[in-house]
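File shown here: query.pdb, holding PDB, C-alpha atoms.
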ATOM      1  CA  MET A   1     121.300  89.417 124.363
ATOM      2  CA  ALA A   2     118.738  88.269 121.816
ATOM      3  CA  LEU A   3     115.245  87.737 123.137
ATOM      4  CA  SER A   4     113.765  84.271 122.952
ATOM      5  CA  ASP A   5     110.803  83.512 120.711
ATOM      6  CA  ARG A   6     109.384  81.170 123.382
ATOM      7  CA  PRO A   7     106.715  82.952 125.462
ATOM      8  CA  ALA A   8     107.919  81.797 128.903
ATOM      9  CA  GLU A   9     111.544  82.659 128.206
ATOM     10  CA  ARG A  10     110.708  85.947 126.499
ATOM     11  CA  HIS A  11     108.546  86.998 129.452
ATOM     12  CA  GLN A  12     111.371  86.134 131.834
ATOM     13  CA  GLN A  13     113.764  88.315 129.827
ATOM     14  CA  VAL A  14     111.399  91.250 129.230
ATOM     15  CA  ALA A  15     109.949  91.234 132.744
ATOM     16  CA  GLY A  16     113.469  90.821 134.134
ATOM     17  CA  LEU A  17     114.531  94.080 132.509
ATOM     18  CA  PHE A  18     111.395  95.805 133.794
ATOM     19  CA  THR A  19     112.143  94.394 137.264
ATOM     20  CA  ASP A  20     115.634  95.903 137.085
ATOM     21  CA  ARG A  21     114.070  99.290 136.281
ATOM     22  CA  VAL A  22     111.552  98.909 139.119
ATOM     23  CA  ARG A  23     114.364  98.150 141.558
ATOM     24  CA  GLY A  24     116.370 101.079 140.207
ATOM     25  CA  THR A  25     113.577 103.597 140.708
ATOM     26  CA  ARG A  26     114.361 106.142 143.410
ATOM     27  CA  SER A  27     111.235 108.305 143.170
ATOM     28  CA  TRP A  28     107.847 106.853 142.301
ATOM     29  CA  ASP A  29     106.155 110.221 141.909
ATOM     30  CA  VAL A  30     108.194 111.605 139.002
ATOM     31  CA  PRO A  31     106.213 112.199 135.784
ATOM     32  CA  SER A  32     106.342 109.585 133.045
ATOM     33  CA  PRO A  33     106.061 109.930 129.264
ATOM     34  CA  VAL A  34     102.453 108.699 129.512
ATOM     35  CA  ALA A  35     100.243 111.757 129.989
ATOM     36  CA  ASP A  36      99.024 112.155 133.585
ATOM     37  CA  TRP A  37     101.018 109.149 134.836
ATOM     38  CA  ALA A  38     103.824 109.114 137.359
ATOM     39  CA  ALA A  39     106.389 106.292 137.456
ATOM     40  CA  ARG A  40     104.173 104.481 139.984
ATOM     41  CA  ASP A  41     101.296 104.482 137.473
ATOM     42  CA  VAL A  42     103.339 102.534 134.930
ATOM     43  CA  VAL A  43     103.591  99.682 137.443
ATOM     44  CA  ARG A  44      99.959 100.170 138.453
ATOM     45  CA  HIS A  45      98.820  99.776 134.845
ATOM     46  CA  LEU A  46     100.649  96.480 134.345
ATOM     47  CA  THR A  47      99.588  94.983 137.666
ATOM     48  CA  GLU A  48      95.953  96.049 137.354
ATOM     49  CA  TRP A  49      94.793  95.388 133.783
ATOM     50  CA  PHE A  50      96.284  91.967 133.221
ATOM     51  CA  PRO A  51      94.820  90.003 136.176
ATOM     52  CA  GLY A  52      91.265  90.740 134.988
ATOM     53  CA  PHE A  53      92.155  89.879 131.388
ATOM     54  CA  LEU A  54      93.591  86.536 132.501
ATOM     55  CA  ALA A  55      90.760  85.747 134.930
ATOM     56  CA  SER A  56      87.973  86.511 132.466
ATOM     57  CA  GLY A  57      89.661  84.876 129.486
ATOM     58  CA  ALA A  58      91.285  81.817 131.031
ATOM     59  CA  GLY A  59      89.864  81.488 134.549
ATOM     60  CA  ILE A  60      93.288  82.043 136.110
ATOM     61  CA  GLU A  61      93.628  84.136 139.254
ATOM     62  CA  LEU A  62      97.034  85.702 139.790
ATOM     63  CA  PRO A  63      98.369  86.194 143.319
ATOM     64  CA  ARG A  64      97.966  89.724 144.626
ATOM     65  CA  GLY A  65     100.636  91.568 146.501
ATOM     66  CA  PRO A  66     100.402  94.909 148.263
ATOM     67  CA  SER A  67      98.951  97.850 146.360
ATOM     68  CA  VAL A  68     101.262  99.855 144.141
ATOM     69  CA  ASP A  69     100.665 102.817 146.453
ATOM     70  CA  GLU A  70     101.921 100.777 149.429
ATOM     71  CA  ASN A  71     104.934  99.154 147.806
ATOM     72  CA  PRO A  72     105.389  99.280 144.027
ATOM     73  CA  VAL A  73     108.466  97.044 144.096
ATOM     74  CA  VAL A  74     106.760  94.175 145.941
ATOM     75  CA  ALA A  75     103.485  94.695 144.049
ATOM     76  CA  TRP A  76     105.373  94.263 140.782
ATOM     77  CA  GLN A  77     107.436  91.287 141.986
ATOM     78  CA  VAL A  78     104.414  89.314 143.214
ATOM     79  CA  HIS A  79     102.575  90.027 139.973
ATOM     80  CA  CYS A  80     105.584  89.238 137.757
ATOM     81  CA  ASP A  81     106.296  85.965 139.577
ATOM     82  CA  GLY A  82     102.635  84.974 139.215
ATOM     83  CA  VAL A  83     102.665  85.529 135.461
ATOM     84  CA  GLN A  84     105.925  83.610 135.121
ATOM     85  CA  ALA A  85     104.454  80.707 137.103
ATOM     86  CA  VAL A  86     101.528  80.534 134.668
ATOM     87  CA  LEU A  87     103.894  80.499 131.695
ATOM     88  CA  ASP A  88     106.143  77.876 133.323
ATOM     89  CA  ASP A  89     103.209  75.585 134.201
ATOM     90  CA  PRO A  90     103.191  72.573 131.805
ATOM     91  CA  GLU A  91      99.374  72.754 131.721
ATOM     92  CA  THR A  92      99.560  76.159 130.041
ATOM     93  CA  ALA A  93     100.461  74.423 126.779
ATOM     94  CA  HIS A  94      96.955  72.904 126.745
ATOM     95  CA  ARG A  95      95.018  76.027 127.758
ATOM     96  CA  GLU A  96      93.425  78.788 125.734
ATOM     97  CA  LEU A  97      92.385  82.339 126.428
ATOM     98  CA  THR A  98      89.065  83.532 125.037
ATOM     99  CA  ASN A  99      88.246  87.192 124.602
ATOM    100  CA  PRO A 100      85.395  88.818 122.658
ATOM    101  CA  HIS A 101      87.844  91.145 120.877
ATOM    102  CA  ILE A 102      90.552  88.646 119.939
ATOM    103  CA  GLY A 103      88.773  85.284 119.839
ATOM    104  CA  ARG A 104      90.529  82.145 121.061
ATOM    105  CA  LEU A 105      94.292  81.912 121.346
ATOM    106  CA  PRO A 106      96.703  79.514 123.013
ATOM    107  CA  LEU A 107      97.222  80.959 126.495
ATOM    108  CA  ALA A 108     100.990  81.416 126.175
ATOM    109  CA  THR A 109     100.552  83.179 122.814
ATOM    110  CA  ALA A 110      97.948  85.542 124.266
ATOM    111  CA  ILE A 111     100.194  86.409 127.221
ATOM    112  CA  ASP A 112     103.153  86.990 124.923
ATOM    113  CA  ARG A 113     101.275  89.046 122.344
ATOM    114  CA  PHE A 114      99.292  91.287 124.654
ATOM    115  CA  TYR A 115     100.968  91.340 128.046
ATOM    116  CA  THR A 116     104.692  90.736 127.504
ATOM    117  CA  ALA A 117     104.641  93.194 124.604
ATOM    118  CA  ASP A 118     102.990  95.744 126.913
ATOM    119  CA  VAL A 119     105.658  95.212 129.591
ATOM    120  CA  PHE A 120     108.313  95.661 126.895
ATOM    121  CA  MET A 121     106.919  98.989 125.698
ATOM    122  CA  HIS A 122     106.271 100.301 129.214
ATOM    123  CA  THR A 123     109.879  99.515 130.139
ATOM    124  CA  TRP A 124     110.780 102.574 128.110
ATOM    125  CA  ASP A 125     108.240 104.693 130.004
ATOM    126  CA  LEU A 126     109.570 103.700 133.412
ATOM    127  CA  SER A 127     113.202 103.944 132.304
ATOM    128  CA  ARG A 128     112.756 107.379 130.770
ATOM    129  CA  ALA A 129     110.739 108.675 133.738
ATOM    130  CA  THR A 130     113.368 107.569 136.234
ATOM    131  CA  GLY A 131     116.529 108.404 134.283
ATOM    132  CA  GLN A 132     117.592 104.800 133.687
ATOM    133  CA  ASP A 133     118.873 103.097 130.544
ATOM    134  CA  ASP A 134     115.897 103.194 128.163
ATOM    135  CA  ARG A 135     117.274 101.126 125.296
ATOM    136  CA  LEU A 136     114.970  98.343 124.107
ATOM    137  CA  ASP A 137     115.790  95.226 122.111
ATOM    138  CA  PRO A 138     115.866  96.426 118.476
ATOM    139  CA  ASP A 139     114.652  93.116 117.024
ATOM    140  CA  LEU A 140     111.537  93.054 119.216
ATOM    141  CA  CYS A 141     110.961  96.743 118.446
ATOM    142  CA  ALA A 142     111.028  95.900 114.727
ATOM    143  CA  GLN A 143     108.745  92.882 115.164
ATOM    144  CA  LEU A 144     106.169  94.788 117.217
ATOM    145  CA  LEU A 145     106.214  97.767 114.861
ATOM    146  CA  SER A 146     105.693  95.533 111.834
ATOM    147  CA  GLU A 147     102.802  93.657 113.460
ATOM    148  CA  MET A 148     101.153  96.802 114.813
ATOM    149  CA  GLU A 149     101.408  98.742 111.549
ATOM    150  CA  GLN A 150      99.359  96.002 109.867
ATOM    151  CA  MET A 151      96.460  96.676 112.218
ATOM    152  CA  GLU A 152      96.877 100.384 112.834
ATOM    153  CA  GLN A 153      93.196 101.237 112.417
ATOM    154  CA  ILE A 154      92.171  98.668 115.054
ATOM    155  CA  ILE A 155      94.916  99.840 117.396
ATOM    156  CA  ARG A 156      93.987 103.514 117.067
ATOM    157  CA  SER A 157      90.260 102.825 117.545
ATOM    158  CA  SER A 158      90.944 100.815 120.730
ATOM    159  CA  GLY A 159      91.851 103.968 122.634
ATOM    160  CA  GLN A 160      94.888 102.172 124.077
ATOM    161  CA  TYR A 161      97.401 104.147 122.011
ATOM    162  CA  GLY A 162      97.840 107.842 121.404
ATOM    163  CA  ALA A 163      98.080 109.517 118.035
ATOM    164  CA  ARG A 164     101.223 108.711 116.113
ATOM    165  CA  VAL A 165     104.108 111.065 116.892
ATOM    166  CA  GLU A 166     106.134 111.963 113.813
ATOM    167  CA  VAL A 167     109.812 111.036 114.046
ATOM    168  CA  PRO A 168     112.742 112.127 111.884
ATOM    169  CA  ASP A 169     113.489 110.317 108.633
ATOM    170  CA  GLY A 170     116.112 107.674 109.239
ATOM    171  CA  ALA A 171     115.122 107.216 112.903
ATOM    172  CA  ASP A 172     116.062 103.907 114.505
ATOM    173  CA  THR A 173     113.455 101.214 115.045
ATOM    174  CA  GLN A 174     112.953 101.982 118.738
ATOM    175  CA  THR A 175     112.235 105.639 117.934
ATOM    176  CA  LYS A 176     109.797 104.587 115.189
ATOM    177  CA  LEU A 177     107.989 102.183 117.543
ATOM    178  CA  LEU A 178     107.704 104.821 120.253
ATOM    179  CA  GLY A 179     106.318 107.344 117.793
ATOM    180  CA  PHE A 180     103.881 104.771 116.449
ATOM    181  CA  ILE A 181     102.424 104.052 119.899
ATOM    182  CA  GLY A 182     102.024 107.754 120.592
ATOM    183  CA  ARG A 183     105.105 108.474 122.668
ATOM    184  CA  ASP A 184     107.420 111.386 122.121
ATOM    185  CA  PRO A 185     110.726 109.507 121.801
ATOM    186  CA  PHE A 186     112.535 112.668 122.912
ATOM    187  CA  TRP A 187     110.440 113.168 126.052
ATOM    188  CA  SER A 188     112.218 114.212 129.210
ATOM    189  CA  GLU A 189     110.944 115.269 132.606
ATOM    190  CA  ARG A 190     112.127 118.814 131.804
ATOM    191  CA  SER A 191     110.022 118.893 128.627
ATOM    192  CA  ASN A 192     107.000 117.881 130.713
ATOM    193  CA  ARG A 193     107.151 120.922 133.020
TER     194      ARG A 193
END
Would you mind writing the file out in structure tokens?
Amino acid sequence: MALSDRPAERHQQVAGLFTDRVRGTRSWDVPSPVADWAARDVVRHLTEWFPGFLASGAGIELPRGPSVDENPVVAWQVHCDGVQAVLDDPETAHRELTNPHIGRLPLATAIDRFYTADVFMHTWDLSRATGQDDRLDPDLCAQLLSEMEQMEQIIRSSGQYGARVEVPDGADTQTKLLGFIGRDPFWSERSNR
């Protein structure tokens, strides 16, 4: 299924896949491909950084569910539904997000570019950590890789991404994207021990 280029629909699709992986997780304490993170921490990251970003940049408070330590599935669902409600709100079309690092952007564009893209990439982390299907949409992988390569210096200096991991010549786009963001595309729980 091709992903939509409309922010509300794309979030629904991307977050829907992440939700499937959340629901399919049997152990929340298994290691993830992100150094020093367990599967639970992937959900924690997404549910903790974005509410502050949205509140400070657009004055929007997302609903809060239980903590990820209490119930990662419900914590994610409450958060995900809150983000979708913002994107589905007709008023969102008239709102902007302001941030000292990125300037002013239409709210839906900011959510799509920074948050939905983050959910997309972390879907691989959760999937790989928990032994679920870790294939990502190749077109969005290619789009993100192209956009991120153009601002590699800014991305690397942000501290949000690890050093590039070299991948074999002829690697597919997903493998290239994972290597670019500092993931070992061949990571497995066994290689982490």
Give me the result of the PyMOL selection byres ((chain A and resi 76-90) around 8) on this file, residue by residue, as number ranges by chain. A: 7-8, 11-12, 15, 19, 22, 43, 47, 62-65, 68, 72-75, 91-93, 108
In Å, how far is it from CA of Asp20 in chain A to CA of Leu107 in chain A?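 Interatomic distance here is 26.0 Å.
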Applied to this file, what does the PyMOL selection byres ((chain A and resi 38) around 10) return in terms of residues, put as a PyMOL selection string? chain A and resi 27-37+39-44+125-126+129-130
My list of candidates is A:Gly182, A:Pro168, A:Gly131, A:Pro138. Which is closest to Glu152 in chain A when distances are computed with all atoms listed in the file?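 Between A:Gly182, A:Pro168, A:Gly131, A:Pro138, the residue approaching Glu152 in chain A most closely is A:Gly182.
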Could you list the residues chosen by the PyMOL selection byres ((chain A and resi 136) around 10) in this structure as an MDAnalysis selection string? chainID A and resid 14 17 120:121 123:124 133:135 137:141 173:175
How many Å separate CA of Ser158 in chain A from CA of Ala142 in chain A?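 It comes out at 21.5 Å.
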Point-to-point distance from CA of Leu178 in chain A to CA of Leu144 in chain A, Å rounded to tenths: 10.6 Å
Can you work out which one of A:Thr116, A:Ser157, A:Gln132, A:Ser146 has the shortest atom-to-atom distance to Arg26 in chain A, counting all atoms listed in the file? A:Gln132
Given the choices A:Trp187, A:Leu145, A:Glu9, A:His45, which gets closest to Asp172 in chain A if the distance is worked out from only C-alpha atoms?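 Once distances to Asp172 in chain A are computed over only C-alpha atoms, the minimum belongs to A:Leu145.
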Centre and edges of the range 8-21 of chain A box, axis-aligned, 5 Å extra per side, as lines of an AutoDock Vina configuration file:
center_x = 111.8
center_y = 90.5
center_z = 131.9
size_x = 17.7
size_y = 27.5
size_z = 20.8
